[in-house]
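**Q** Below is a structure I'd like to ask you about.
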Amino acid sequence: MNFCAFFIARPVATILLAVGMVLAGAVAYTRLPVAPVPQVEFPVISVSASLPGASPETMAATVAMPLERALGSIAGINEITSRSSLGSTRVVLQFDLSRSIDAAAIEVQAAINAARSQLPTSLPDNPTYRKVNPADTPIMVIALTSASARQSEMFDVASTVLAQKLAQVPGVGQVTVGGSSLPAVRVQVDPTALNQRGLGLDQVRAALSATNSNRPKGAVEDGDRQWWIYANDQARRAADYLPLILSHRNGSSVRLQDVARVTDSVQDLKNSGSADGVPAVLLLVYREPNANIIETSDAIEALLPVLRETVPPAMNLKVSLERSSTVRAAIREVQKTLLIAVVLVVMVVLVFLRSWRATMIPAAAVPVSLITTFGFMYLAGFSVNNLSLMALIVAAGFVVDDAIVVLENTARHVEHGLPPAAAALLGAREVGATVVSMSLSLVAVFIPILLMGDLVGRLFREFALTLSVAVLISMVVSLTLTPMMCARLLHGVARTPARLRQSWVDRAGRAVLAGYSRSLSWALRHSLLTLLMLVATVGLNIHLFGSIPKGFFPEQDTGKLYGWMRGDQSSSFQLTRQKMDFFVNGVRKDPAVASVTATTGGGSRASGTMYVQLKPLAQRKESARVVVNRLREQFRVPGARLYLVPIQDVRSGGRQSSGSYQYTLRSDDIDLLRLWTQRLETALQQVPALT
């Protein structure tokens with residue numbers, strides 16, 4: 001082939017081309033983001049609206065329904081779900097994976113503006129939206145605790161100082177502060193005392209507003225001189241509000257302390273957090289899309305000493321949970337496996353060729369092909385993750401095949417007396433079409449994965465493309481670098497056959513060939529029995545395929561657990577916090593648990609979340625699944641019964657609206673849950689009015 005002859009005749013240019021490909025791939029590898037799995041951006045937008053004091057039914061009928069009617073007209077929506085609680089409504093829009101989230105956000109804002117006239121006039125603020133990724137979890141949870149400072153003070157420091165500093169770290173996309181709220185002054189008016197003095201709530205409100213006004217104070221002039229009056233009439237503490245004069249009655253002043261109880265408090269009383277049972281303010285750090293999780297975590301760890309010096313001495317700052325250690329360990333193991341795979345491939349080639357000079361040819365082709373693939377991954381926007389590295393591990397066995405085919409054919413001609421250069425040219429010409437067909441056939445195997453849609457296709461597309469590109473690069477290397485190296489390194493191969501025929505590898509190969517010949521002869525003599533064995537094997541495989549456990553991804557022990565608690569709408573925040581404290585204390589007593597952080601309230605007063613960091617696997621000696629099952633048994637309620645709670649939820653599907661009900665089945669017995677779920681589904685399908 002003239003294509004191969006060009007590179008065989010120009011060894012310097014070929015070597016420089018290979019070195020340039022390797023350097024480009026190595027530089028790209030340092031710039032690739034690191035993640036556990038391929039980054040898939042879910043086009044999901046959440047719309048939130050609040051009407052303080054409104055019941056869930058009122059929120060569903062007056063806020064959720066108009067919003068869903070307007071949002072339902074947007075093209076490309078797969079699913080609209082809404083949840084209404086006391087004073088708040090949340091509508092979640094899930095779009096097609098092919099839909100641009102930025103373009104969808106513009107249409108969502110337009111739909112919100114169109115629905116504003118149908119919403120209650122008492123709505124304090126317009127509904128807001130934000131882009132969310134339901135699969136995204138914080139890469140780090142930082143807890144701020146103190147033995148003397150109030151949670152409101154810690155929240156003030158966390159939101160105004162720590163969150164701002166953390167948001168400036170490269171790779172950090174969002175920092176959420178939870179566990180409390182900003183400081184505030186609460187005024188609890190006594191209606192009886194207010195009525196006795198002939199005052200109304202509007203007068204109290206007007207007096208409070210006037211006290212916190214920030215208006216110009218004026219100036220004093222005297223001839224050619226002028227003095228500006230700078231005075232702060234804003235009250236920041238409860239003590240500043242107590243002497244506030246509301247009115248004058250019977251020659252005396254009526255002050256705020258006479259008709260109300262004023263205390264230093266926070267803006268939202270229904271929000272609390274804890275770290276290992278101690279009141280805390282939590283900072284949840286999320287990374288940017290395609291950011292390197294390891295570099296981001298390292299940058300945050302480097303910033304923590306500075307942040308500890310920034311906060312008051314009475315406050316302690318510590319990392320309660322971080323994900324980079326498990327990602328780092330997983331990537332390290334996969335990288336080690338990739339290195340072992342390359343070494344094993346080279347050693348197998350060495351064992352069968354028995355020549356270091358010949359082994360150098362495929363030993364160079366494998367790393368050149370794999371390292372160059374990183375350059376394509378960088379251009380395609382991929383990341384270094386378990387799936388992409390697994391593709392390179394699989395490709396290590398494929399990329400060496402092309403080089404071995406060219407090498408063996410060239411070595412055969414050298415053994416027959418041809419000079420290495422002529423043998424390389426002839427050998428590459430003879431097997432060039434074979435190498436191309438082998439590579440294209442391997443790529444064709446992954447075409448179905450490339451054409452897959454939905455979430456599975458998005459996740460495994462990176463695996464298929466990485467493996468396909470590695471095979472194609474190995475094809476190019478086998479037709480350029482490999483023939484050139486064969487022409488320069490295969491001197492003396494012709495002297496080896498007599499010695500090689502006496503090696504243990506040849507003896508073992510002849511023994512295997514003899515055994516295969518005997519087994520093949522037996523199979524040909526007993527063709528009917530061989531056919532029956534084939535049918536039995538196929539049937540057994542079908543049975544095993546149906547009985548083997550199935551899942552999207554193999555379960556991985558990351559040493560981190562996530563818990564979520566939701567109570568009934570009638571549950572108070574105080575009851576929810578007591579339940580969360582009960583769960584936190586119970587989880588902390590488990591010997592495998594290292595730390596527990598939890599938040600209660602916030603968006604919903606009857607809900608809470610819990611982040612559990614387990615001890616290293618070497619210390620706990622049991623998997624996370626065993627720990628979860630043990631915790632479930634610990635919190636199992638004796639005599640718990642199956643019950644269902646209908647939750648009214650109003651949804652719309654475009655022009656028409658319909659009422660729907662969500663039935664929640666709860667039980668500690670999973671088999672009982674499955675049974676009653678099937679019965680409930682069968683019963684509901686028989687109702688004519690339900691779809």
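Chain labels follow the order of the structure tokens: the first chain is A, the next B, and so on; residue numbering restarts at 1 in every chain, and ligands are counted from 1 in their shown order.
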Report as a PyMOL selection string: the residues of segment 139-204 of chain A with a DSSP assignment of helix (DSSP H, G or I), based on the backbone of this structure.

**A** chain A and resi 151-167+191-196+201-204

**Q** Env of Arg630 of chain A: 9 Å cut, atoms = only C-alpha atoms, seq-sep filter 5 positions within chain, self excluded. Answer as JSON, numbers by chain.

**A** {"A": [590, 625, 635]}

**Q** Using only C-alpha atoms, which residues sit within 8 Å of segment 237-248 of chain A once same-chain residues fewer than 3 positions away are excluded, as JSON, numbers by chain?

**A** {"A": [185, 186, 203, 204, 207, 251, 252, 253, 254, 255, 256, 257, 262, 263, 264]}

**Q** Restricting the calculation to only C-alpha atoms: of A:Thr14, A:Ser84, A:Ser73, A:Ser437, which residue gets closest to Ala114 of chain A?

**A**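 Closest to Ala114 of chain A of all the choices is A:Ser73.
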
**Q** Which one of A:Asn271, A:Thr558, A:Gln686, A:Ser571 sits closest to Thr599 of chain A if you count only C-alpha atoms?

**A**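 Residue with the minimum atom-to-atom distance to Thr599 of chain A: A:Asn271.
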
**Q** From a backbone DSSP assignment, name each residue in segment 239-368 of chain A labelled strand (DSSP E), as a ChimeraX atom specification.

**A** /A:245-249,252-255,260-266,271-275,278-287,315-322

**Q** What does the distance between atom CA of Gln613 of chain A and atom CA of Val177 of chain A come to in Å, to one decimal place?

**A**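 Answer for the atom CA of Gln613 of chain A to atom CA of Val177 of chain A separation: 19.2 Å.
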